[in-house]
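Engineer: Have a peek at query-v6.cif (mmCIF, C-alpha atoms).
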data_query
#
loop_
_atom_site.group_PDB
_atom_site.id
_atom_site.type_symbol
_atom_site.label_atom_id
_atom_site.label_comp_id
_atom_site.auth_asym_id
_atom_site.auth_seq_id
_atom_site.Cartn_x
_atom_site.Cartn_y
_atom_site.Cartn_z
ATOM 1 C CA PHE A 1 35.846 -21.275 48.507
ATOM 2 C CA GLN A 2 33.520 -19.977 51.187
ATOM 3 C CA LYS A 3 33.115 -23.451 52.689
ATOM 4 C CA HIS A 4 36.861 -23.427 53.385
ATOM 5 C CA ALA A 5 36.795 -19.868 54.799
ATOM 6 C CA VAL A 6 39.432 -18.869 52.258
ATOM 7 C CA SER A 7 39.347 -15.625 50.290
ATOM 8 C CA TRP A 8 39.442 -15.698 46.495
ATOM 9 C CA PRO A 9 42.955 -14.136 46.209
ATOM 10 C CA LEU A 10 44.342 -16.565 48.789
ATOM 11 C CA ALA A 11 42.627 -19.515 47.100
ATOM 12 C CA LYS A 12 44.328 -18.597 43.816
ATOM 13 C CA VAL A 13 47.753 -18.547 45.443
ATOM 14 C CA MET A 14 47.078 -21.835 47.244
ATOM 15 C CA SER A 15 45.852 -23.444 44.031
ATOM 16 C CA ARG A 16 48.857 -22.275 42.068
ATOM 17 C CA LEU A 17 51.307 -23.555 44.679
ATOM 18 C CA GLY A 18 49.471 -26.849 45.156
ATOM 19 C CA ALA A 19 49.401 -27.494 41.419
ATOM 20 C CA GLN A 20 53.159 -27.090 41.196
ATOM 21 C CA LEU A 21 54.475 -28.546 44.457
ATOM 22 C CA PRO A 22 53.771 -31.336 46.962
ATOM 23 C CA PHE A 23 51.188 -30.042 49.412
ATOM 24 C CA GLU A 24 53.546 -29.879 52.382
ATOM 25 C CA GLN A 25 56.115 -27.935 50.394
ATOM 26 C CA ALA A 26 53.388 -25.654 49.077
ATOM 27 C CA ARG A 27 52.221 -25.030 52.653
ATOM 28 C CA GLN A 28 55.736 -24.126 53.723
ATOM 29 C CA ASN A 29 56.197 -21.760 50.767
ATOM 30 C CA LEU A 30 52.899 -20.076 51.510
ATOM 31 C CA LEU A 31 54.084 -19.369 55.044
ATOM 32 C CA ALA A 32 57.603 -18.288 54.046
ATOM 33 C CA ASP A 33 56.608 -16.060 51.101
ATOM 34 C CA TYR A 34 53.233 -14.683 52.222
ATOM 35 C CA GLY A 35 53.196 -15.154 55.984
ATOM 36 C CA VAL A 36 49.979 -17.166 55.686
ATOM 37 C CA ARG A 37 49.655 -20.213 57.901
ATOM 38 C CA VAL A 38 47.317 -22.969 56.715
ATOM 39 C CA SER A 39 47.281 -26.709 57.261
ATOM 40 C CA LYS A 40 48.458 -29.123 54.615
ATOM 41 C CA SER A 41 45.003 -30.746 54.523
ATOM 42 C CA LEU A 42 43.262 -27.392 53.926
ATOM 43 C CA LEU A 43 45.613 -26.518 51.090
ATOM 44 C CA GLN A 44 44.990 -29.931 49.534
ATOM 45 C CA GLN A 45 41.218 -29.590 49.869
ATOM 46 C CA VAL A 46 41.218 -26.150 48.249
ATOM 47 C CA CYS A 47 43.303 -27.370 45.300
ATOM 48 C CA GLU A 48 41.314 -30.532 44.736
ATOM 49 C CA ASP A 49 37.978 -28.723 45.041
ATOM 50 C CA ALA A 50 39.057 -25.879 42.748
ATOM 51 C CA GLY A 51 40.143 -28.203 39.980
ATOM 52 C CA GLY A 52 37.220 -30.520 40.613
ATOM 53 C CA THR A 53 34.723 -27.683 40.207
ATOM 54 C CA ILE A 54 36.154 -26.822 36.795
ATOM 55 C CA LEU A 55 36.039 -30.467 35.742
ATOM 56 C CA GLU A 56 32.423 -30.790 36.863
ATOM 57 C CA GLN A 57 31.485 -27.868 34.611
ATOM 58 C CA GLU A 58 33.382 -29.386 31.684
ATOM 59 C CA ASP A 59 31.810 -32.803 32.303
ATOM 60 C CA GLN A 60 28.321 -31.283 32.321
ATOM 61 C CA GLN A 61 28.987 -29.744 28.900
ATOM 62 C CA ARG A 62 30.285 -33.048 27.537
ATOM 63 C CA GLN A 63 27.466 -35.119 29.006
ATOM 64 C CA MET A 64 24.849 -32.739 27.654
ATOM 65 C CA LEU A 65 26.242 -33.182 24.145
ATOM 66 C CA GLN A 66 26.548 -36.937 24.481
ATOM 67 C CA ALA A 67 22.875 -37.183 25.456
ATOM 68 C CA LEU A 68 21.691 -35.395 22.305
ATOM 69 C CA PRO A 69 20.760 -37.099 19.024
ATOM 70 C CA PRO A 70 23.692 -37.099 16.532
ATOM 71 C CA ASP A 71 22.326 -34.294 14.352
ATOM 72 C CA GLU A 72 21.775 -32.066 17.385
ATOM 73 C CA GLN A 73 25.240 -32.846 18.721
ATOM 74 C CA ILE A 74 26.776 -31.179 15.662
ATOM 75 C CA GLU A 75 24.548 -28.127 16.043
ATOM 76 C CA ASN A 76 25.537 -27.663 19.691
ATOM 77 C CA LEU A 77 29.288 -28.113 19.387
ATOM 78 C CA PRO A 78 31.221 -25.052 20.631
ATOM 79 C CA ASP A 79 33.136 -22.919 18.152
ATOM 80 C CA SER A 80 36.393 -20.973 18.341
ATOM 81 C CA GLN A 81 37.690 -17.661 17.012
ATOM 82 C CA ILE A 82 41.060 -19.244 16.254
ATOM 83 C CA ARG A 83 41.729 -19.875 12.557
ATOM 84 C CA PRO A 84 44.861 -22.027 12.425
ATOM 85 C CA GLU A 85 46.833 -23.326 9.484
ATOM 86 C CA LYS A 86 47.497 -26.647 11.233
ATOM 87 C CA ALA A 87 45.920 -28.439 14.174
ATOM 88 C CA TYR A 88 47.388 -31.381 16.049
ATOM 89 C CA VAL A 89 45.686 -33.864 18.335
ATOM 90 C CA HIS A 90 47.740 -36.133 20.599
ATOM 91 C CA ALA A 91 46.701 -38.607 23.276
ATOM 92 C CA ASP A 92 48.372 -41.226 25.406
ATOM 93 C CA GLY A 93 48.099 -42.923 28.768
ATOM 94 C CA THR A 94 50.288 -43.157 31.859
ATOM 95 C CA MET A 95 49.962 -44.941 35.191
ATOM 96 C CA ILE A 96 49.599 -43.328 38.601
ATOM 97 C CA HIS A 97 48.935 -44.895 41.988
ATOM 98 C CA THR A 98 45.452 -44.085 43.221
ATOM 99 C CA GLU A 99 43.169 -45.804 45.689
ATOM 100 C CA TRP A 100 45.624 -48.594 46.568
ATOM 101 C CA ASP A 101 46.562 -49.632 43.048
ATOM 102 C CA TRP A 102 48.024 -48.431 39.758
ATOM 103 C CA HIS A 103 45.510 -47.027 37.289
ATOM 104 C CA GLU A 104 45.837 -45.536 33.833
ATOM 105 C CA ILE A 105 45.072 -41.878 33.416
ATOM 106 C CA ARG A 106 44.525 -40.709 29.852
ATOM 107 C CA VAL A 107 46.419 -37.626 28.737
ATOM 108 C CA ALA A 108 45.226 -35.334 25.943
ATOM 109 C CA SER A 109 47.067 -32.547 24.175
ATOM 110 C CA VAL A 110 45.849 -30.337 21.337
ATOM 111 C CA ALA A 111 47.580 -27.473 19.576
ATOM 112 C CA ALA A 112 46.923 -25.033 16.756
ATOM 113 C CA GLU A 113 49.612 -23.301 14.687
ATOM 114 C CA ASP A 114 49.747 -20.570 12.075
ATOM 115 C CA ALA A 115 51.527 -20.868 8.735
ATOM 116 C CA GLU A 116 54.873 -20.001 10.364
ATOM 117 C CA GLY A 117 54.510 -22.680 13.025
ATOM 118 C CA GLU A 118 53.719 -20.260 15.834
ATOM 119 C CA VAL A 119 51.350 -21.713 18.426
ATOM 120 C CA LEU A 120 47.949 -20.002 18.407
ATOM 121 C CA GLY A 121 46.381 -22.165 21.073
ATOM 122 C CA ARG A 122 47.036 -25.295 23.091
ATOM 123 C CA ASP A 123 45.229 -27.257 25.746
ATOM 124 C CA HIS A 124 46.027 -30.252 27.951
ATOM 125 C CA ARG A 125 44.047 -32.617 30.164
ATOM 126 C CA ALA A 126 44.650 -35.720 32.247
ATOM 127 C CA ARG A 127 41.492 -37.694 33.071
ATOM 128 C CA PHE A 128 40.296 -41.026 34.415
ATOM 129 C CA LEU A 129 37.663 -41.470 31.722
ATOM 130 C CA SER A 130 36.377 -44.298 29.582
ATOM 131 C CA CYS A 131 37.546 -44.306 25.963
ATOM 132 C CA GLU A 132 34.149 -43.024 24.849
ATOM 133 C CA ASP A 133 34.093 -40.119 27.302
ATOM 134 C CA PHE A 134 37.760 -39.342 26.706
ATOM 135 C CA GLY A 135 37.103 -39.176 22.968
ATOM 136 C CA TRP A 136 34.463 -36.541 23.545
ATOM 137 C CA GLN A 137 36.763 -34.679 25.932
ATOM 138 C CA LEU A 138 39.471 -34.617 23.284
ATOM 139 C CA HIS A 139 36.986 -33.508 20.636
ATOM 140 C CA LEU A 140 35.873 -30.531 22.710
ATOM 141 C CA GLN A 141 39.455 -29.580 23.522
ATOM 142 C CA ALA A 142 40.352 -29.626 19.846
ATOM 143 C CA ARG A 143 37.453 -27.344 18.988
ATOM 144 C CA GLU A 144 38.578 -24.858 21.636
ATOM 145 C CA VAL A 145 41.829 -24.298 19.717
ATOM 146 C CA GLY A 146 40.090 -24.084 16.330
ATOM 147 C CA TYR A 147 40.684 -27.598 15.016
ATOM 148 C CA GLN A 148 37.515 -27.380 12.929
ATOM 149 C CA HIS A 149 38.889 -24.372 11.020
ATOM 150 C CA ALA A 150 42.392 -25.702 10.357
ATOM 151 C CA LYS A 151 43.539 -26.284 6.793
ATOM 152 C CA LEU A 152 45.642 -29.267 7.861
ATOM 153 C CA LYS A 153 44.695 -31.608 10.693
ATOM 154 C CA ALA A 154 46.756 -34.406 12.191
ATOM 155 C CA PHE A 155 46.166 -37.067 14.812
ATOM 156 C CA VAL A 156 49.528 -38.362 16.026
ATOM 157 C CA ALA A 157 49.691 -41.419 18.283
ATOM 158 C CA ASP A 158 51.845 -44.394 19.238
ATOM 159 C CA GLY A 159 49.789 -47.194 17.723
ATOM 160 C CA ALA A 160 47.474 -48.188 20.601
ATOM 161 C CA HIS A 161 44.167 -49.400 19.186
ATOM 162 C CA TRP A 162 42.025 -47.283 21.527
ATOM 163 C CA LEU A 163 43.678 -44.136 20.209
ATOM 164 C CA TRP A 164 42.957 -44.929 16.574
ATOM 165 C CA ASP A 165 39.364 -45.776 17.508
ATOM 166 C CA ILE A 166 39.008 -42.268 18.933
ATOM 167 C CA ALA A 167 40.596 -40.803 15.814
ATOM 168 C CA ASP A 168 38.157 -42.667 13.551
ATOM 169 C CA VAL A 169 35.108 -41.541 15.523
ATOM 170 C CA HIS A 170 35.951 -37.940 16.425
ATOM 171 C CA PHE A 171 38.643 -36.899 13.933
ATOM 172 C CA PRO A 172 37.800 -38.647 10.644
ATOM 173 C CA ASP A 173 39.165 -35.691 8.650
ATOM 174 C CA ALA A 174 42.591 -35.816 10.329
ATOM 175 C CA VAL A 175 45.718 -37.310 8.815
ATOM 176 C CA GLN A 176 46.578 -40.237 11.081
ATOM 177 C CA ILE A 177 50.310 -40.425 11.805
ATOM 178 C CA LEU A 178 52.134 -43.160 13.664
ATOM 179 C CA ASP A 179 54.627 -41.488 15.948
ATOM 180 C CA TRP A 180 58.055 -41.890 14.329
ATOM 181 C CA PHE A 181 59.899 -42.340 17.604
ATOM 182 C CA HIS A 182 57.640 -45.177 18.760
ATOM 183 C CA LEU A 183 58.090 -46.857 15.406
ATOM 184 C CA SER A 184 61.868 -46.477 15.649
ATOM 185 C CA GLU A 185 61.773 -47.941 19.130
ATOM 186 C CA ARG A 186 59.836 -50.973 17.904
ATOM 187 C CA VAL A 187 62.375 -51.552 15.138
ATOM 188 C CA HIS A 188 65.286 -51.399 17.589
ATOM 189 C CA GLU A 189 63.527 -53.721 20.038
ATOM 190 C CA ALA A 190 63.061 -56.350 17.338
ATOM 191 C CA ALA A 191 66.642 -55.946 16.115
ATOM 192 C CA SER A 192 67.981 -56.384 19.652
ATOM 193 C CA ALA A 193 65.848 -59.468 20.267
ATOM 194 C CA ILE A 194 67.050 -61.102 17.039
ATOM 195 C CA PHE A 195 70.695 -60.096 16.798
ATOM 196 C CA GLY A 196 71.585 -59.118 20.362
ATOM 197 C CA GLN A 197 71.346 -55.725 21.997
ATOM 198 C CA GLY A 198 74.032 -53.315 20.810
ATOM 199 C CA SER A 199 75.494 -55.761 18.296
ATOM 200 C CA PRO A 200 76.707 -54.458 14.907
ATOM 201 C CA GLU A 201 74.147 -56.707 13.201
ATOM 202 C CA ALA A 202 71.305 -55.230 15.252
ATOM 203 C CA GLU A 203 72.392 -51.655 14.520
ATOM 204 C CA ALA A 204 72.765 -52.379 10.802
ATOM 205 C CA PHE A 205 69.378 -54.091 10.613
ATOM 206 C CA ALA A 206 67.581 -51.303 12.505
ATOM 207 C CA GLY A 207 69.314 -48.590 10.494
ATOM 208 C CA ALA A 208 68.372 -50.141 7.162
ATOM 209 C CA ARG A 209 64.724 -50.645 8.170
ATOM 210 C CA LYS A 210 64.395 -47.101 9.539
ATOM 211 C CA ASP A 211 65.924 -45.663 6.373
ATOM 212 C CA GLU A 212 63.351 -47.552 4.295
ATOM 213 C CA LEU A 213 60.445 -46.441 6.451
ATOM 214 C CA TRP A 214 61.616 -42.833 6.622
ATOM 215 C CA ASN A 215 61.655 -42.729 2.833
ATOM 216 C CA GLY A 216 58.273 -44.377 2.425
ATOM 217 C CA ARG A 217 59.504 -47.769 1.272
ATOM 218 C CA SER A 218 57.552 -49.920 3.694
ATOM 219 C CA ASP A 219 57.186 -52.641 1.036
ATOM 220 C CA ARG A 220 60.946 -53.162 1.149
ATOM 221 C CA THR A 221 60.848 -53.334 4.925
ATOM 222 C CA LEU A 222 58.121 -55.984 4.927
ATOM 223 C CA ALA A 223 59.970 -57.959 2.262
ATOM 224 C CA ALA A 224 63.172 -57.815 4.335
ATOM 225 C CA LEU A 225 61.293 -59.028 7.409
ATOM 226 C CA GLU A 226 59.806 -61.927 5.470
ATOM 227 C CA GLY A 227 63.194 -62.899 4.111
ATOM 228 C CA LEU A 228 64.669 -62.854 7.597
ATOM 229 C CA ARG A 229 61.775 -64.884 9.003
ATOM 230 C CA LYS A 230 62.562 -67.737 6.653
ATOM 231 C CA ARG A 231 66.109 -67.922 7.968
ATOM 232 C CA LEU A 232 65.293 -67.809 11.670
ATOM 233 C CA ARG A 233 64.960 -71.022 13.673
ATOM 234 C CA SER A 234 64.435 -69.586 17.159
ATOM 235 C CA GLN A 235 60.754 -69.367 18.063
ATOM 236 C CA ALA A 236 61.383 -66.352 20.318
ATOM 237 C CA LYS A 237 63.160 -64.482 17.535
ATOM 238 C CA ARG A 238 60.431 -65.332 15.032
ATOM 239 C CA GLU A 239 57.857 -64.014 17.491
ATOM 240 C CA SER A 240 59.716 -60.701 17.858
ATOM 241 C CA LEU A 241 59.795 -60.393 14.090
ATOM 242 C CA ARG A 242 56.107 -61.241 13.826
ATOM 243 C CA LYS A 243 55.166 -58.509 16.303
ATOM 244 C CA LEU A 244 57.094 -55.899 14.329
ATOM 245 C CA ARG A 245 55.556 -57.020 11.049
ATOM 246 C CA THR A 246 52.035 -56.934 12.509
ATOM 247 C CA TYR A 247 52.682 -53.471 13.930
ATOM 248 C CA LEU A 248 53.765 -52.200 10.514
ATOM 249 C CA GLU A 249 50.928 -53.859 8.625
ATOM 250 C CA ASN A 250 48.291 -52.549 11.029
ATOM 251 C CA ASN A 251 49.627 -49.007 10.651
ATOM 252 C CA ARG A 252 50.626 -49.084 6.992
ATOM 253 C CA HIS A 253 48.435 -46.114 6.073
ATOM 254 C CA ARG A 254 49.897 -44.139 8.986
ATOM 255 C CA ILE A 255 53.597 -44.376 8.061
ATOM 256 C CA ARG A 256 53.686 -42.294 4.868
ATOM 257 C CA TYR A 257 56.394 -40.081 6.273
ATOM 258 C CA PRO A 258 57.556 -38.442 2.999
ATOM 259 C CA ARG A 259 53.990 -37.196 2.468
ATOM 260 C CA TYR A 260 53.749 -35.840 6.002
ATOM 261 C CA ARG A 261 57.054 -34.017 5.633
ATOM 262 C CA MET A 262 55.923 -32.585 2.305
ATOM 263 C CA LEU A 263 52.795 -31.249 4.020
ATOM 264 C CA GLY A 264 54.918 -29.769 6.795
ATOM 265 C CA LEU A 265 53.328 -31.911 9.492
ATOM 266 C CA LYS A 266 55.105 -32.988 12.644
ATOM 267 C CA ILE A 267 55.524 -36.752 12.900
ATOM 268 C CA GLY A 268 56.233 -37.094 16.618
ATOM 269 C CA SER A 269 53.946 -37.235 19.635
ATOM 270 C CA GLY A 270 56.521 -35.638 21.901
ATOM 271 C CA ARG A 271 54.030 -33.059 23.115
ATOM 272 C CA VAL A 272 51.795 -35.588 24.816
ATOM 273 C CA GLU A 273 54.766 -37.728 25.861
ATOM 274 C CA GLY A 274 56.123 -34.649 27.596
ATOM 275 C CA ASN A 275 52.780 -34.050 29.281
ATOM 276 C CA CYS A 276 52.737 -37.582 30.664
ATOM 277 C CA LYS A 277 55.970 -36.668 32.430
ATOM 278 C CA SER A 278 55.660 -32.950 33.179
ATOM 279 C CA LEU A 279 51.904 -32.654 33.711
ATOM 280 C CA VAL A 280 51.253 -35.970 35.444
ATOM 281 C CA GLY A 281 54.503 -37.604 36.502
ATOM 282 C CA ALA A 282 56.202 -34.549 37.981
ATOM 283 C CA ARG A 283 53.222 -33.854 40.253
ATOM 284 C CA CYS A 284 51.616 -37.223 40.946
ATOM 285 C CA LYS A 285 54.431 -39.758 40.735
ATOM 286 C CA GLN A 286 57.082 -38.356 43.034
ATOM 287 C CA SER A 287 58.427 -40.392 45.920
ATOM 288 C CA GLY A 288 55.746 -41.156 48.490
ATOM 289 C CA MET A 289 52.827 -40.023 46.316
ATOM 290 C CA ARG A 290 50.643 -43.109 46.507
ATOM 291 C CA ASN A 291 47.659 -41.777 48.422
ATOM 292 C CA TRP A 292 45.799 -39.953 45.649
ATOM 293 C CA THR A 293 42.095 -40.334 45.129
ATOM 294 C CA ARG A 294 41.007 -40.227 41.502
ATOM 295 C CA ARG A 295 38.992 -37.070 42.068
ATOM 296 C CA GLY A 296 41.833 -35.426 43.956
ATOM 297 C CA ALA A 297 44.450 -36.251 41.331
ATOM 298 C CA GLU A 298 42.199 -35.062 38.504
ATOM 299 C CA GLY A 299 41.438 -31.811 40.333
ATOM 300 C CA VAL A 300 45.076 -30.941 40.948
ATOM 301 C CA LEU A 301 46.052 -31.945 37.418
ATOM 302 C CA ARG A 302 43.300 -29.678 36.021
ATOM 303 C CA LEU A 303 44.896 -26.721 37.795
ATOM 304 C CA ARG A 304 48.326 -27.838 36.632
ATOM 305 C CA ALA A 305 47.073 -28.087 33.041
ATOM 306 C CA ALA A 306 45.791 -24.520 33.276
ATOM 307 C CA LEU A 307 49.213 -23.365 34.426
#
Please express what this file holds, its structure, as structure tokens.

Structural biologist:
Amino acid sequence: FQKHAVSWPLAKVMSRLGAQLPFEQARQNLLADYGVRVSKSLLQQVCEDAGGTILEQEDQQRQMLQALPPDEQIENLPDSQIRPEKAYVHADGTMIHTEWDWHEIRVASVAAEDAEGEVLGRDHRARFLSCEDFGWQLHLQAREVGYQHAKLKAFVADGAHWLWDIADVHFPDAVQILDWFHLSERVHEAASAIFGQGSPEAEAFAGARKDELWNGRSDRTLAALEGLRKRLRSQAKRESLRKLRTYLENNRHRIRYPRYRMLGLKIGSGRVEGNCKSLVGARCKQSGMRNWTRRGAEGVLRLRAAL
């Protein structure tokens, strides 16, 4: 922080405020609460540089591992003192406006719990990374909370192919779970498209299919969809049904919900969904926030993740 002529204690306060509030509001609070007058641009620079410095260190660790031969990668992976009963890995993506257009930022969330469900460790990130780099980022985060020592491991996601690719490469020992709420949403979308939104027929159809899936009877669901397909004449309705069927077939080994409940595993990705809103959206997607640079947004979000 020497290049900004800001002391370490002041830089911490500025970083904390800038991670939580729009920079102008943070500047005003700094003046009102501490009597310290700084410019909005200085406060922004300090926050972005602070978070960016941390990310540079983390990227160096990741890139060093990625450059090693596979056998040496395993030997150099970091360890953790945490010994959890269960470990969860979640990931998703959300859009923010940076550099004159909307771009997807990938959001990662990992957590470790003891036998009573108490959280032993958690970590969050939001990064503009390729799928390959993001997979490594997620892997390292998971190890920080003791994923490698957990008795039960779960990767919970919404069905996007890039997420399952990461799970296959970096978390092959995890139970893959299709987020129940995304699945329910898909069922309701298809029901609305076929029978009309809010109609009794749509509600009855969605309720029956969800009951089957919740109880592990996906074969019945697929049979019901096939039977309905034969009766439909509308091409648009048949297409909605086809999309739901494909979604279920592609994720058939990830919808064994009775087994997951028996193991005591959570079946929702609400943690990462919440981070898309609270970590990213609440700080980077407020009214007028369309002038982020990728580096600046990542730096501020790194501080926000730490908070």

Engineer: Taking all atoms listed in the file into account, name the residue in A:Ala108, A:Gln141, A:Glu85, A:Asp219 that is nearest to Leu263 (chain A).

Structural biologist: A:Glu85

Engineer: Compute the distance from (40.8, -36.9, 24.2) to each atom, counting all atoms listed in the file, keep the residues with any atom at most 8 Å away, and return them as a PyMOL selection string; use the coordinates of the file.

Structural biologist: chain A and resi 90-91+106-109+134-139+141+166

Engineer: What is the CA of Ala150 (chain A) to CA of Asn251 (chain A) distance in Å?

Structural biologist: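 Taking CA of Ala150 (chain A) as the start and CA of Asn251 (chain A) as the end point, the length is 24.4 Å.
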
Engineer: Please provide as a list in words all residues within 12 Å of Trp100 (chain A), with the sequence filter that same-chain residues fewer than 5 positions apart are discarded (counting only C-alpha atoms).

Structural biologist: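 These residues fall inside the cut-off: Met289, Arg290, Asn291, Trp292, Thr293 and Arg294 of chain A.
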
Engineer: Going by the chain IDs and residue numbers used in this file, which residues fall under the PyMOL selection byres ((chain A and resi 162) around 12)? Write them as a list in words.

Structural biologist: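 Here the PyMOL selection byres ((chain A and resi 162) around 12) matches Ala91, Asp92, Gly93, Arg106, Ser130, Cys131, Glu132, Phe134, Gly135, Ala157, Asp158, Gly159, Ala160, His161, Leu163, Trp164, Asp165, Ile166, Ala167, Asp168 and Val169 of chain A.
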
Engineer: Using only C-alpha atoms, which residue out of A:Lys86, A:Thr98, A:Ala32, A:His188 lies closest to Glu116 (chain A)?

Structural biologist: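 Looking only at the distances to Glu116 (chain A), the closest residue turns out to be A:Lys86.
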
Engineer: When distances are computed from only C-alpha atoms, which of A:Ser269, A:Leu228, A:Lys3, A:Arg238 shows the smallest separation from Ala111 (chain A)?

Structural biologist: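 Using only C-alpha atoms, the shortest distance to Ala111 (chain A) belongs to A:Ser269.
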
Engineer: On this structure, which residues satisfy the PyMOL selection byres ((chain A and resi 48) around 9), written as JSON, numbers by chain?

Structural biologist: {"A": [15, 18, 43, 44, 45, 46, 47, 49, 50, 51, 52, 53, 295, 296, 297, 298, 299, 300, 301, 302, 303]}

Engineer: Identify, on the basis of all atoms listed in the file, every residue whose closest approach to Ile82 (chain A) does not exceed 9 Å; exclude the query and any residue fewer than 6 positions from it along the same chain; express the result as number ranges by chain.

Structural biologist: A: 112, 120-121, 144-147, 149-150

Engineer: Under the rule that only C-alpha atoms are counted, which of A:Gln176, A:Ser184, A:Gln60, A:Ser278 is the nearest residue to Arg256 (chain A)?

Structural biologist: A:Gln176

Engineer: Dump N, CA and C atoms of region 274-294 of chain A from the given block, as a PDB file, in the first residue's frame.

Structural biologist:
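Resulting contents of part-v3.pdb:
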ATOM      1  N   GLY A 274     -26.821 -18.539  -3.540  1.00  0.00           N
ATOM      2  CA  GLY A 274     -26.804 -17.370  -2.675  1.00  0.00           C
ATOM      3  C   GLY A 274     -25.585 -16.509  -2.909  1.00  0.00           C
ATOM      4  N   ASN A 275     -24.443 -17.153  -3.180  1.00  0.00           N
ATOM      5  CA  ASN A 275     -23.222 -16.388  -3.435  1.00  0.00           C
ATOM      6  C   ASN A 275     -23.300 -15.613  -4.737  1.00  0.00           C
ATOM      7  N   CYS A 276     -23.971 -16.173  -5.731  1.00  0.00           N
ATOM      8  CA  CYS A 276     -24.140 -15.429  -6.989  1.00  0.00           C
ATOM      9  C   CYS A 276     -24.860 -14.113  -6.718  1.00  0.00           C
ATOM     10  N   LYS A 277     -25.765 -14.124  -5.745  1.00  0.00           N
ATOM     11  CA  LYS A 277     -26.531 -12.923  -5.435  1.00  0.00           C
ATOM     12  C   LYS A 277     -25.829 -12.054  -4.395  1.00  0.00           C
ATOM     13  N   SER A 278     -25.414 -12.664  -3.277  1.00  0.00           N
ATOM     14  CA  SER A 278     -24.864 -11.869  -2.180  1.00  0.00           C
ATOM     15  C   SER A 278     -23.399 -11.501  -2.388  1.00  0.00           C
ATOM     16  N   LEU A 279     -22.610 -12.409  -2.936  1.00  0.00           N
ATOM     17  CA  LEU A 279     -21.196 -12.127  -3.156  1.00  0.00           C
ATOM     18  C   LEU A 279     -21.011 -11.244  -4.383  1.00  0.00           C
ATOM     19  N   VAL A 280     -21.633 -11.636  -5.490  1.00  0.00           N
ATOM     20  CA  VAL A 280     -21.419 -10.935  -6.754  1.00  0.00           C
ATOM     21  C   VAL A 280     -22.483  -9.873  -7.011  1.00  0.00           C
ATOM     22  N   GLY A 281     -23.740 -10.295  -7.050  1.00  0.00           N
ATOM     23  CA  GLY A 281     -24.803  -9.383  -7.458  1.00  0.00           C
ATOM     24  C   GLY A 281     -24.943  -8.164  -6.575  1.00  0.00           C
ATOM     25  N   ALA A 282     -24.880  -8.366  -5.255  1.00  0.00           N
ATOM     26  CA  ALA A 282     -25.099  -7.259  -4.326  1.00  0.00           C
ATOM     27  C   ALA A 282     -23.998  -6.204  -4.400  1.00  0.00           C
ATOM     28  N   ARG A 283     -22.827  -6.586  -4.909  1.00  0.00           N
ATOM     29  CA  ARG A 283     -21.723  -5.619  -4.985  1.00  0.00           C
ATOM     30  C   ARG A 283     -21.428  -5.146  -6.401  1.00  0.00           C
ATOM     31  N   CYS A 284     -21.665  -5.989  -7.389  1.00  0.00           N
ATOM     32  CA  CYS A 284     -21.253  -5.648  -8.752  1.00  0.00           C
ATOM     33  C   CYS A 284     -22.405  -5.416  -9.723  1.00  0.00           C
ATOM     34  N   LYS A 285     -23.634  -5.622  -9.279  1.00  0.00           N
ATOM     35  CA  LYS A 285     -24.751  -5.517 -10.217  1.00  0.00           C
ATOM     36  C   LYS A 285     -25.813  -4.536  -9.740  1.00  0.00           C
ATOM     37  N   GLN A 286     -25.411  -3.596  -8.891  1.00  0.00           N
ATOM     38  CA  GLN A 286     -26.348  -2.567  -8.477  1.00  0.00           C
ATOM     39  C   GLN A 286     -26.508  -1.536  -9.594  1.00  0.00           C
ATOM     40  N   SER A 287     -27.503  -0.701  -9.444  1.00  0.00           N
ATOM     41  CA  SER A 287     -27.796   0.308 -10.458  1.00  0.00           C
ATOM     42  C   SER A 287     -26.560   1.158 -10.754  1.00  0.00           C
ATOM     43  N   GLY A 288     -26.255   1.302 -12.018  1.00  0.00           N
ATOM     44  CA  GLY A 288     -25.138   2.147 -12.440  1.00  0.00           C
ATOM     45  C   GLY A 288     -23.785   1.471 -12.439  1.00  0.00           C
ATOM     46  N   MET A 289     -23.716   0.218 -11.999  1.00  0.00           N
ATOM     47  CA  MET A 289     -22.417  -0.470 -11.913  1.00  0.00           C
ATOM     48  C   MET A 289     -22.118  -1.217 -13.207  1.00  0.00           C
ATOM     49  N   ARG A 290     -21.717  -0.466 -14.225  1.00  0.00           N
ATOM     50  CA  ARG A 290     -21.401  -1.081 -15.508  1.00  0.00           C
ATOM     51  C   ARG A 290     -20.011  -0.684 -15.982  1.00  0.00           C
ATOM     52  N   ASN A 291     -19.187  -0.190 -15.090  1.00  0.00           N
ATOM     53  CA  ASN A 291     -17.867   0.279 -15.512  1.00  0.00           C
ATOM     54  C   ASN A 291     -16.749  -0.537 -14.881  1.00  0.00           C
ATOM     55  N   TRP A 292     -17.029  -1.777 -14.500  1.00  0.00           N
ATOM     56  CA  TRP A 292     -15.995  -2.619 -13.908  1.00  0.00           C
ATOM     57  C   TRP A 292     -14.987  -3.053 -14.965  1.00  0.00           C
ATOM     58  N   THR A 293     -13.736  -3.180 -14.552  1.00  0.00           N
ATOM     59  CA  THR A 293     -12.778  -3.959 -15.321  1.00  0.00           C
ATOM     60  C   THR A 293     -12.798  -5.361 -14.726  1.00  0.00           C
ATOM     61  N   ARG A 294     -12.350  -6.334 -15.477  1.00  0.00           N
ATOM     62  CA  ARG A 294     -12.344  -7.702 -14.939  1.00  0.00           C
ATOM     63  C   ARG A 294     -11.424  -7.790 -13.722  1.00  0.00           C
TER      64      ARG A 294
END
